[in-house]
file query-v2.cif (mmCIF, C-alpha atoms)
data_my_file
#
loop_
_atom_site.label_atom_id
_atom_site.label_comp_id
_atom_site.auth_asym_id
_atom_site.auth_seq_id
_atom_site.Cartn_x
_atom_site.Cartn_y
_atom_site.Cartn_z
CA LEU F 1 -7.53 -35.72 -0.80
CA ILE F 2 -8.67 -37.43 -4.01
CA GLY F 3 -10.34 -34.21 -5.19
CA ILE F 4 -7.12 -32.24 -4.60
CA ILE F 5 -5.15 -34.77 -6.64
CA TYR F 6 -7.60 -34.43 -9.52
CA VAL F 7 -7.28 -30.61 -9.33
CA GLN F 8 -3.50 -30.93 -9.59
CA LYS F 9 -4.05 -33.06 -12.70
CA GLN F 10 -6.52 -30.45 -14.02
CA ASP F 11 -9.24 -33.08 -14.15
CA TYR F 12 -11.85 -30.74 -12.71
CA ALA F 13 -14.90 -32.86 -13.49
CA ARG F 14 -13.60 -35.75 -11.39
CA ALA F 15 -12.39 -33.32 -8.73
CA LEU F 16 -15.88 -31.85 -8.42
CA ASP F 17 -17.38 -35.32 -8.15
CA ALA F 18 -14.90 -36.22 -5.40
CA PHE F 19 -15.60 -33.02 -3.44
CA GLU F 20 -19.35 -33.45 -3.72
CA ARG F 21 -19.14 -37.03 -2.43
CA ALA F 22 -16.98 -35.82 0.48
CA LEU F 23 -19.50 -33.10 1.33
CA LYS F 24 -22.30 -35.64 1.48
CA ILE F 25 -20.35 -37.34 4.24
CA ASP F 26 -19.41 -34.09 6.03
CA PRO F 27 -21.20 -31.02 4.61
CA ARG F 28 -19.44 -28.72 7.10
CA SER F 29 -15.90 -29.78 6.31
CA ALA F 30 -13.81 -26.59 6.05
CA ARG F 31 -11.06 -28.45 4.24
CA THR F 32 -13.41 -29.79 1.56
CA LEU F 33 -15.29 -26.52 1.08
CA ASN F 34 -12.05 -24.54 0.81
CA SER F 35 -10.56 -27.06 -1.60
CA LEU F 36 -13.65 -26.86 -3.77
CA GLY F 37 -13.44 -23.07 -3.68
CA ASN F 38 -9.77 -23.17 -4.64
CA SER F 39 -10.54 -25.50 -7.54
CA TYR F 40 -13.06 -22.96 -8.84
CA LEU F 41 -10.42 -20.22 -8.56
CA VAL F 42 -7.99 -22.28 -10.61
CA GLN F 43 -10.70 -22.66 -13.26
CA GLY F 44 -11.35 -18.91 -13.33
CA LYS F 45 -14.76 -19.15 -11.67
CA PRO F 46 -14.56 -16.61 -8.81
CA ASP F 47 -18.34 -16.46 -8.27
CA LEU F 48 -18.51 -20.16 -7.47
CA ALA F 49 -15.32 -19.89 -5.39
CA GLU F 50 -16.82 -17.06 -3.33
CA LYS F 51 -19.90 -19.16 -2.64
CA GLU F 52 -17.78 -21.99 -1.21
CA PHE F 53 -15.61 -19.69 0.93
CA ARG F 54 -18.71 -18.04 2.35
CA GLU F 55 -20.15 -21.48 3.06
CA THR F 56 -17.00 -22.33 4.98
CA LEU F 57 -17.29 -19.14 7.04
CA ARG F 58 -20.93 -19.86 7.80
CA TYR F 59 -19.79 -22.89 9.77
CA HIS F 60 -16.28 -21.71 10.72
CA PRO F 61 -16.20 -17.87 10.97
CA ALA F 62 -12.54 -17.76 12.00
CA ASP F 63 -11.23 -20.11 9.30
CA ARG F 64 -7.97 -18.60 8.12
CA GLU F 65 -7.95 -19.95 4.56
CA ALA F 66 -11.55 -18.99 3.80
CA ASN F 67 -11.17 -15.46 5.16
CA TYR F 68 -7.96 -14.88 3.23
CA ASN F 69 -9.19 -16.34 -0.06
CA LEU F 70 -12.49 -14.49 0.15
CA GLY F 71 -10.50 -11.30 0.72
CA LEU F 72 -8.49 -12.00 -2.43
CA VAL F 73 -11.64 -12.60 -4.46
CA LEU F 74 -13.17 -9.33 -3.28
CA LEU F 75 -9.94 -7.39 -3.87
CA SER F 76 -9.73 -8.73 -7.42
CA ARG F 77 -13.30 -7.50 -7.95
CA LYS F 78 -12.35 -4.01 -6.84
CA GLN F 79 -14.28 -4.31 -3.59
CA PRO F 80 -11.43 -3.34 -1.25
CA ARG F 81 -13.55 -2.24 1.70
CA GLN F 82 -15.19 -5.65 1.89
CA ALA F 83 -11.78 -7.30 1.39
CA ILE F 84 -10.39 -5.41 4.39
CA VAL F 85 -13.02 -7.02 6.62
CA TYR F 86 -11.91 -10.54 5.73
CA PHE F 87 -8.15 -9.86 5.61
CA SER F 88 -8.45 -8.34 9.10
CA ARG F 89 -9.89 -11.61 10.42
CA VAL F 90 -6.95 -13.70 9.25
CA GLN F 91 -4.79 -14.98 12.09
CA PRO F 92 -1.87 -15.33 12.22
CA ARG F 93 -0.93 -12.66 9.64
CA ASP F 94 2.11 -13.44 7.56
CA SER F 95 3.80 -11.07 5.10
CA GLU F 96 1.52 -12.09 2.25
CA VAL F 97 -1.63 -11.34 4.23
CA LEU F 98 -0.33 -7.97 5.45
CA THR F 99 0.77 -6.96 1.95
CA ASN F 100 -2.68 -7.68 0.54
CA LEU F 101 -4.30 -5.87 3.46
CA ALA F 102 -2.12 -2.83 2.72
CA GLN F 103 -3.14 -3.08 -0.95
CA ALA F 104 -6.80 -3.15 0.12
CA TYR F 105 -6.31 -0.03 2.25
CA PHE F 106 -4.72 1.81 -0.66
CA SER F 107 -7.44 0.68 -3.06
CA ALA F 108 -10.11 1.81 -0.61
CA GLY F 109 -8.59 5.29 -0.47
CA GLN F 110 -7.22 4.77 3.04
CA LYS F 111 -3.70 5.85 2.14
CA ALA F 112 -2.53 6.62 5.67
CA LYS F 113 -3.49 3.17 6.95
CA GLY F 114 -1.92 1.47 3.94
CA LEU F 115 1.33 3.35 4.38
CA GLU F 116 1.38 2.75 8.12
CA LEU F 117 0.92 -0.98 7.60
CA ALA F 118 3.58 -1.09 4.88
CA LYS F 119 6.09 0.64 7.16
CA ALA F 120 5.27 -1.71 10.04
CA LEU F 121 5.72 -4.74 7.78
CA SER F 122 9.01 -3.38 6.48
CA GLU F 123 10.30 -2.96 10.02
CA ARG F 124 9.02 -6.37 11.12
CA ASP F 125 10.65 -8.20 8.20
CA LYS F 126 13.69 -5.93 7.97
CA ASN F 127 15.98 -8.79 6.95
CA ASP F 128 13.66 -10.23 4.30
CA VAL F 129 14.62 -9.25 0.74
CA ARG F 130 11.36 -10.51 -0.69
CA THR F 131 9.26 -8.37 1.67
CA HIS F 132 11.15 -5.18 0.83
CA PHE F 133 10.97 -5.90 -2.89
CA THR F 134 7.23 -6.65 -2.76
CA LEU F 135 6.57 -3.50 -0.75
CA GLY F 136 8.56 -1.51 -3.27
CA ILE F 137 6.35 -2.79 -6.08
CA LEU F 138 3.21 -2.06 -4.05
CA LEU F 139 4.25 1.48 -3.12
CA ALA F 140 5.40 2.30 -6.65
CA GLY F 141 1.98 1.19 -7.89
CA GLN F 142 0.48 3.81 -5.57
CA LYS F 143 2.88 6.43 -6.96
CA LEU F 144 4.59 6.67 -3.58
CA PHE F 145 7.94 6.72 -5.31
CA PRO F 146 10.27 7.90 -2.50
CA GLU F 147 8.86 5.22 -0.18
CA ALA F 148 9.12 2.63 -2.97
CA VAL F 149 12.75 3.51 -3.68
CA HIS F 150 13.52 3.21 0.04
CA GLU F 151 12.20 -0.37 0.07
CA PHE F 152 14.17 -1.26 -3.06
CA GLN F 153 17.31 0.18 -1.48
CA LEU F 154 16.78 -1.96 1.60
CA ALA F 155 16.42 -5.01 -0.63
CA ASP F 156 19.57 -4.07 -2.54
CA ALA F 157 21.49 -3.69 0.69
CA LEU F 158 20.48 -7.19 1.78
CA GLN F 159 21.14 -8.77 -1.62
CA PRO F 160 23.36 -6.48 -3.69
CA GLY F 161 23.48 -6.66 -7.46
CA THR F 162 20.10 -8.28 -8.13
CA PHE F 163 18.72 -7.23 -11.50
CA GLU F 164 15.07 -6.91 -10.47
CA VAL F 165 16.01 -4.98 -7.32
CA LEU F 166 17.88 -2.46 -9.48
CA HIS F 167 15.52 -2.26 -12.46
CA ASN F 168 12.44 -1.41 -10.40
CA PRO F 169 13.93 1.45 -8.31
CA GLY F 170 15.30 2.86 -11.55
CA GLU F 171 11.77 3.02 -12.89
CA ALA F 172 10.53 4.46 -9.59
CA TRP F 173 13.13 7.25 -9.68
CA LEU F 174 12.12 7.97 -13.28
CA ARG F 175 8.41 8.20 -12.40
CA ALA F 176 9.32 10.41 -9.43
CA GLY F 177 10.91 12.91 -11.81
CA ASN F 178 14.53 12.22 -10.93
CA PRO F 179 16.12 10.98 -14.18
CA THR F 180 19.68 11.42 -12.90
CA LYS F 181 19.23 8.93 -10.07
CA ALA F 182 17.20 6.70 -12.38
CA GLU F 183 20.06 6.63 -14.88
CA ALA F 184 22.60 5.63 -12.22
CA VAL F 185 20.53 2.70 -10.97
CA LEU F 186 19.46 1.55 -14.43
CA GLU F 187 23.07 1.53 -15.61
CA ARG F 188 23.84 -0.93 -12.81
CA ALA F 189 20.89 -3.07 -13.91
CA ARG F 190 22.10 -2.91 -17.49
CA GLN F 191 25.52 -4.20 -16.50
CA ILE F 192 23.88 -7.26 -14.97
CA ASN F 193 21.50 -7.87 -17.87
CA PRO F 194 22.59 -5.97 -20.99
CA ARG F 195 19.86 -7.62 -23.09
CA SER F 196 16.90 -6.34 -21.10
CA ALA F 197 14.83 -4.31 -23.56
CA ASP F 198 12.78 -2.83 -20.71
CA THR F 199 15.87 -1.55 -18.93
CA LEU F 200 17.23 -0.02 -22.13
CA TYR F 201 13.86 1.64 -22.73
CA LEU F 202 13.74 3.15 -19.24
CA LEU F 203 17.35 4.21 -19.52
CA ALA F 204 16.52 5.96 -22.80
CA GLN F 205 13.66 7.77 -21.07
CA SER F 206 16.03 8.97 -18.37
CA GLU F 207 18.37 10.28 -21.06
CA THR F 208 15.61 12.14 -22.91
CA ASP F 209 14.45 13.70 -19.65
CA GLN F 210 17.97 15.07 -19.26
CA GLY F 211 18.12 16.31 -22.84
CA LYS F 212 20.56 13.61 -23.95
CA ASN F 213 18.71 12.68 -27.11
CA VAL F 214 21.67 11.24 -29.04
CA GLN F 215 22.43 8.80 -26.20
CA ALA F 216 18.74 7.96 -25.94
CA LEU F 217 18.56 7.25 -29.66
CA GLU F 218 21.44 4.78 -29.45
CA LEU F 219 19.78 2.97 -26.54
CA LEU F 220 16.43 2.78 -28.31
CA VAL F 221 17.93 1.39 -31.50
CA GLU F 222 19.51 -1.34 -29.39
CA ALA F 223 16.30 -1.93 -27.42
CA ARG F 224 14.20 -2.23 -30.56
CA LYS F 225 16.41 -5.02 -31.87
CA LEU F 226 15.44 -6.96 -28.74
CA ALA F 227 11.74 -6.02 -28.82
CA PRO F 228 10.84 -5.07 -32.41
CA VAL F 229 7.05 -5.00 -31.91
CA ASN F 230 7.00 -2.99 -28.68
CA THR F 231 5.01 0.09 -29.69
CA ASP F 232 6.02 2.09 -26.62
CA MET F 233 9.61 1.80 -27.79
CA ILE F 234 8.58 2.66 -31.33
CA PHE F 235 6.83 5.82 -30.15
CA LEU F 236 9.76 6.96 -28.02
CA LEU F 237 12.23 6.17 -30.81
CA ALA F 238 10.14 8.28 -33.19
CA ARG F 239 9.83 11.03 -30.62
CA VAL F 240 13.59 11.25 -30.11
CA SER F 241 14.22 11.09 -33.87
CA MET F 242 11.82 14.00 -34.36
CA GLN F 243 13.55 16.03 -31.68
CA LEU F 244 16.81 15.46 -33.55
CA ASN F 245 15.09 16.44 -36.84
CA TYR F 246 15.44 12.91 -38.27
CA PHE F 247 11.90 13.00 -39.63
CA GLU F 248 12.41 10.51 -42.46
CA ASP F 249 13.77 7.98 -39.96
CA ALA F 250 10.82 8.65 -37.67
CA ILE F 251 8.41 8.09 -40.55
CA GLN F 252 9.88 4.67 -41.27
CA VAL F 253 9.56 3.65 -37.63
CA LEU F 254 6.05 5.04 -37.23
CA GLU F 255 4.77 3.40 -40.40
CA GLU F 256 5.80 0.09 -38.92
CA GLY F 257 4.23 1.07 -35.62
CA VAL F 258 0.77 1.82 -37.02
CA LYS F 259 0.80 -1.58 -38.75
CA ILE F 260 1.45 -3.24 -35.39
CA ALA F 261 -1.00 -1.08 -33.41
CA PRO F 262 -3.38 0.59 -35.90
CA ARG F 263 -5.56 2.02 -33.13
CA ARG F 264 -2.85 3.87 -31.19
CA ALA F 265 -3.72 7.54 -31.58
CA ASP F 266 -0.30 8.83 -30.54
CA LEU F 267 1.40 6.93 -33.35
CA HIS F 268 -0.94 8.45 -35.94
CA ALA F 269 -0.45 11.92 -34.48
CA ALA F 270 3.33 11.60 -34.68
CA LEU F 271 3.23 10.12 -38.17
CA GLY F 272 0.98 12.90 -39.40
CA GLU F 273 3.33 15.50 -37.94
CA CYS F 274 6.32 13.89 -39.64
CA TYR F 275 4.58 13.76 -43.01
CA PHE F 276 3.63 17.42 -42.67
CA THR F 277 7.15 18.48 -41.71
CA VAL F 278 8.69 16.83 -44.78
CA GLY F 279 6.07 18.35 -47.07
CA LYS F 280 3.76 15.36 -47.54
CA VAL F 281 0.67 17.31 -46.58
CA ASP F 282 -1.91 15.00 -48.14
CA ARG F 283 -0.55 12.01 -46.25
CA ALA F 284 -0.37 14.07 -43.07
CA GLN F 285 -4.03 14.94 -43.34
CA GLN F 286 -4.90 11.29 -43.93
CA GLU F 287 -3.24 10.50 -40.61
CA PHE F 288 -5.00 13.36 -38.85
CA ARG F 289 -8.36 12.14 -40.16
CA ARG F 290 -7.57 8.72 -38.77
CA LEU F 291 -6.52 10.39 -35.54
CA MET F 292 -9.89 12.13 -35.22
CA GLU F 293 -11.64 8.78 -35.73
CA LEU F 294 -9.60 7.16 -32.97
CA ASP F 295 -9.55 10.10 -30.59
CA PRO F 296 -12.22 12.68 -31.48
CA SER F 297 -10.87 15.22 -29.01
CA ALA F 298 -10.27 18.94 -29.35
CA ARG F 299 -6.54 18.50 -29.75
CA SER F 300 -7.05 16.01 -32.58
CA TYR F 301 -9.12 18.61 -34.40
CA ALA F 302 -6.39 21.14 -33.67
CA PHE F 303 -3.86 19.00 -35.56
CA MET F 304 -6.02 19.02 -38.66
CA GLY F 305 -6.80 22.69 -38.32
CA LEU F 306 -3.11 23.55 -38.04
CA SER F 307 -2.31 21.59 -41.18
CA TYR F 308 -4.81 23.68 -43.17
CA ARG F 309 -3.74 26.90 -41.49
CA HIS F 310 -0.11 26.34 -42.49
CA GLN F 311 -1.34 25.91 -46.08
CA GLY F 312 -3.09 29.25 -45.90
CA ARG F 313 -6.48 27.51 -46.19
CA PHE F 314 -8.06 29.45 -43.37
CA ASP F 315 -11.70 28.53 -44.01
CA GLU F 316 -10.92 24.82 -43.74
CA ALA F 317 -8.74 25.48 -40.70
CA LYS F 318 -11.55 27.42 -39.03
CA LYS F 319 -13.93 24.50 -39.56
CA TYR F 320 -11.69 22.15 -37.60
CA PHE F 321 -10.89 24.62 -34.83
CA LEU F 322 -14.63 25.17 -34.37
CA GLY F 323 -15.12 21.40 -34.39
CA GLY F 324 -12.54 21.11 -31.66
CA LEU F 325 -14.31 23.76 -29.60
CA GLN F 326 -17.49 21.73 -29.82
CA LYS F 327 -15.57 18.97 -28.06
CA ASP F 328 -13.97 21.31 -25.53
CA PRO F 329 -15.16 24.95 -25.55
CA ARG F 330 -12.13 26.05 -23.51
CA ASN F 331 -9.41 24.31 -25.48
CA ALA F 332 -6.55 26.81 -25.66
CA GLN F 333 -5.07 25.49 -28.91
CA CYS F 334 -8.32 25.77 -30.84
CA LEU F 335 -9.21 29.15 -29.34
CA PHE F 336 -5.82 30.67 -30.08
CA ASN F 337 -5.49 29.26 -33.59
CA LEU F 338 -9.06 30.14 -34.52
CA ASP F 339 -8.30 33.69 -33.46
CA SER F 340 -5.00 33.67 -35.35
CA SER F 341 -6.64 32.30 -38.48
CA SER F 342 -9.21 35.10 -38.39
CA THR F 343 -6.45 37.67 -37.95
CA SER F 344 -4.49 36.16 -40.84
CA LYS F 345 -7.50 36.76 -43.10
CA GLY F 346 -7.39 40.43 -42.24
CA THR F 347 -10.25 40.59 -39.82
CA SER F 348 -9.84 42.58 -36.64
CA ARG F 349 -12.54 40.65 -34.82
CA ARG F 350 -11.18 39.07 -31.63
CA ARG F 351 -12.81 36.30 -29.60
CA ARG F 352 -13.96 37.46 -26.20
CA ASP F 353 -12.62 34.33 -24.57
CA ILE F 354 -9.00 34.94 -25.42
CA SER F 355 -6.51 37.81 -25.52
CA PRO F 356 -2.74 37.98 -26.08
CA GLU F 357 -2.20 38.60 -22.38
CA ARG F 358 -4.39 35.67 -21.33
CA SER F 359 -3.29 33.22 -23.97
CA PRO F 360 -0.81 30.53 -22.95
CA PRO F 361 2.12 29.98 -25.31
CA ILE F 362 0.85 27.72 -28.07
CA PRO F 363 3.36 24.98 -28.88
CA THR F 364 4.19 23.95 -32.40
CA MET F 365 2.67 20.84 -33.91
CA THR F 366 5.86 18.93 -33.14
CA THR F 367 5.88 19.93 -29.50
CA ARG F 368 2.27 18.93 -29.04
CA CYS F 369 2.91 15.62 -30.72
CA MET F 370 5.75 15.01 -28.28
CA SER F 371 3.43 15.49 -25.32
CA TRP F 372 0.52 13.50 -26.79
CA ARG F 373 0.75 10.76 -24.18
CA ALA F 374 1.33 13.03 -21.22
#

call {"tool": "encode", "arguments": {"input": "query-v2.cif", "output": "structure tokens"}}
result
Amino acid sequence: LIGIIYVQKQDYARALDAFERALKIDPRSARTLNSLGNSYLVQGKPDLAEKEFRETLRYHPADREANYNLGLVLLSRKQPRQAIVYFSRVQPRDSEVLTNLAQAYFSAGQKAKGLELAKALSERDKNDVRTHFTLGILLAGQKLFPEAVHEFQLADALQPGTFEVLHNPGEAWLRAGNPTKAEAVLERARQINPRSADTLYLLAQSETDQGKNVQALELLVEARKLAPVNTDMIFLLARVSMQLNYFEDAIQVLEEGVKIAPRRADLHAALGECYFTVGKVDRAQQEFRRLMELDPSARSYAFMGLSYRHQGRFDEAKKYFLGGLQKDPRNAQCLFNLDSSSTSKGTSRRRRDISPERSPPIPTMTTRCMSWRA
């Protein structure tokens, strides 16, 4: 008891001393061993915590607390199969235990068992808002969006008009590719909490997915006032501005974004595209060079190659398209544009790997910048 009090006061040195003295009196005490393990967890020392929980189970194999806590430690270490063993030993199993067991099944690749357990828990606790909400979060994390939305709807039916219960299914509908339903739910969430930057951001995404870029722009301007350093919002705001041909506005936003997150490749790609579109080619190429440093992929090389190609500098363009093909020999953008650059110089030589019939439509620089994070 004294050790637990010291843990609550965050006086871990005295807590350890108290636990050690207690273990000298009773080295097999499950309560003391578990309390010592829990104190290590609070201190962020899972290795030492695991040792104590295993010591408890050596003397008391059925101990509920030790089995459950050891399962949590193993799950946090991405050892779900081992976690399943210990969660399965916990009796009785409350909602928290069953939720973590379902998570372990999903993490172990046993999707059917995880889903079966989640459905059973949902039915067992059908009048518990918290259970339905937690299951919704769990299922959404597994990209089981229809099942997640169902749990959120059950929670909403039990406790209508709760912000969190509306915000999360809105996001789930969005991730499931149904922006219309996402918009409807997120609008309800917005009415409850009009100053939620996250809700405004998701609502803007639902608008862009429906081609409502003007409405999305208005929402993002409002959201950014609430979360000015959120670079996801900055990127989407720039993306929508570019789609509306407001490139100078996008440049201003993106320049702020790269100061906040200088290592975000998508921001540099978008900024380079904007510079190029407004005729600031030198600055565009500076951004594309930075992009290649951050993300030396074939598509990064394609950006630089396209900038030279549009200037009519085909030799320089060819160098970057070839560089991209060294990263990915089958990259369609580099193959197509290398072929086009050769044709533009008057050569009739065609690459064997590509032909007009086999070539996919090559998007513009702007379009590819829009899909950078896809």

call {"tool": "resolve_selection", "arguments": {"input": "query-v2.cif", "expression": "the PyMOL selection byres ((chain F and resi 27-33) around 10)", "output": "PyMOL selection string"}}
result
chain F and resi 1+3-4+18-26+34-39+49+51-60+63+65-66

call {"tool": "atom_distance", "arguments": {"input": "query-v2.cif", "atom1": "CA of Lys143 in chain F", "atom2": "CA of Glu123 in chain F"}}
result
20.8 Å

call {"tool": "closest_residue", "arguments": {"input": "query-v2.cif", "among": "F:Val90, F:Ala298, F:Leu254, F:Ala317", "to": "Arg330 in chain F", "atoms": "all atoms listed in the file"}}
result
F:Ala298

call {"tool": "closest_residue", "arguments": {"input": "query-v2.cif", "among": "F:Leu306, F:Val73, F:Val240, F:Val258", "to": "Cys334 in chain F", "atoms": "only C-alpha atoms"}}
result
F:Leu306

call {"tool": "residues_around", "arguments": {"input": "query-v2.cif", "residues": "Leu98 in chain F", "least_positions_apart": "2", "cutoff": "9 Å", "atoms": "all atoms listed in the file", "output": "ChimeraX atom specification"}}
result
/F:87-88,93-96,100-103,117-118,121

call {"tool": "atom_distance", "arguments": {"input": "query-v2.cif", "atom1": "CA of Ile260 in chain F", "atom2": "CA of Arg224 in chain F"}}
result
13.7 Å
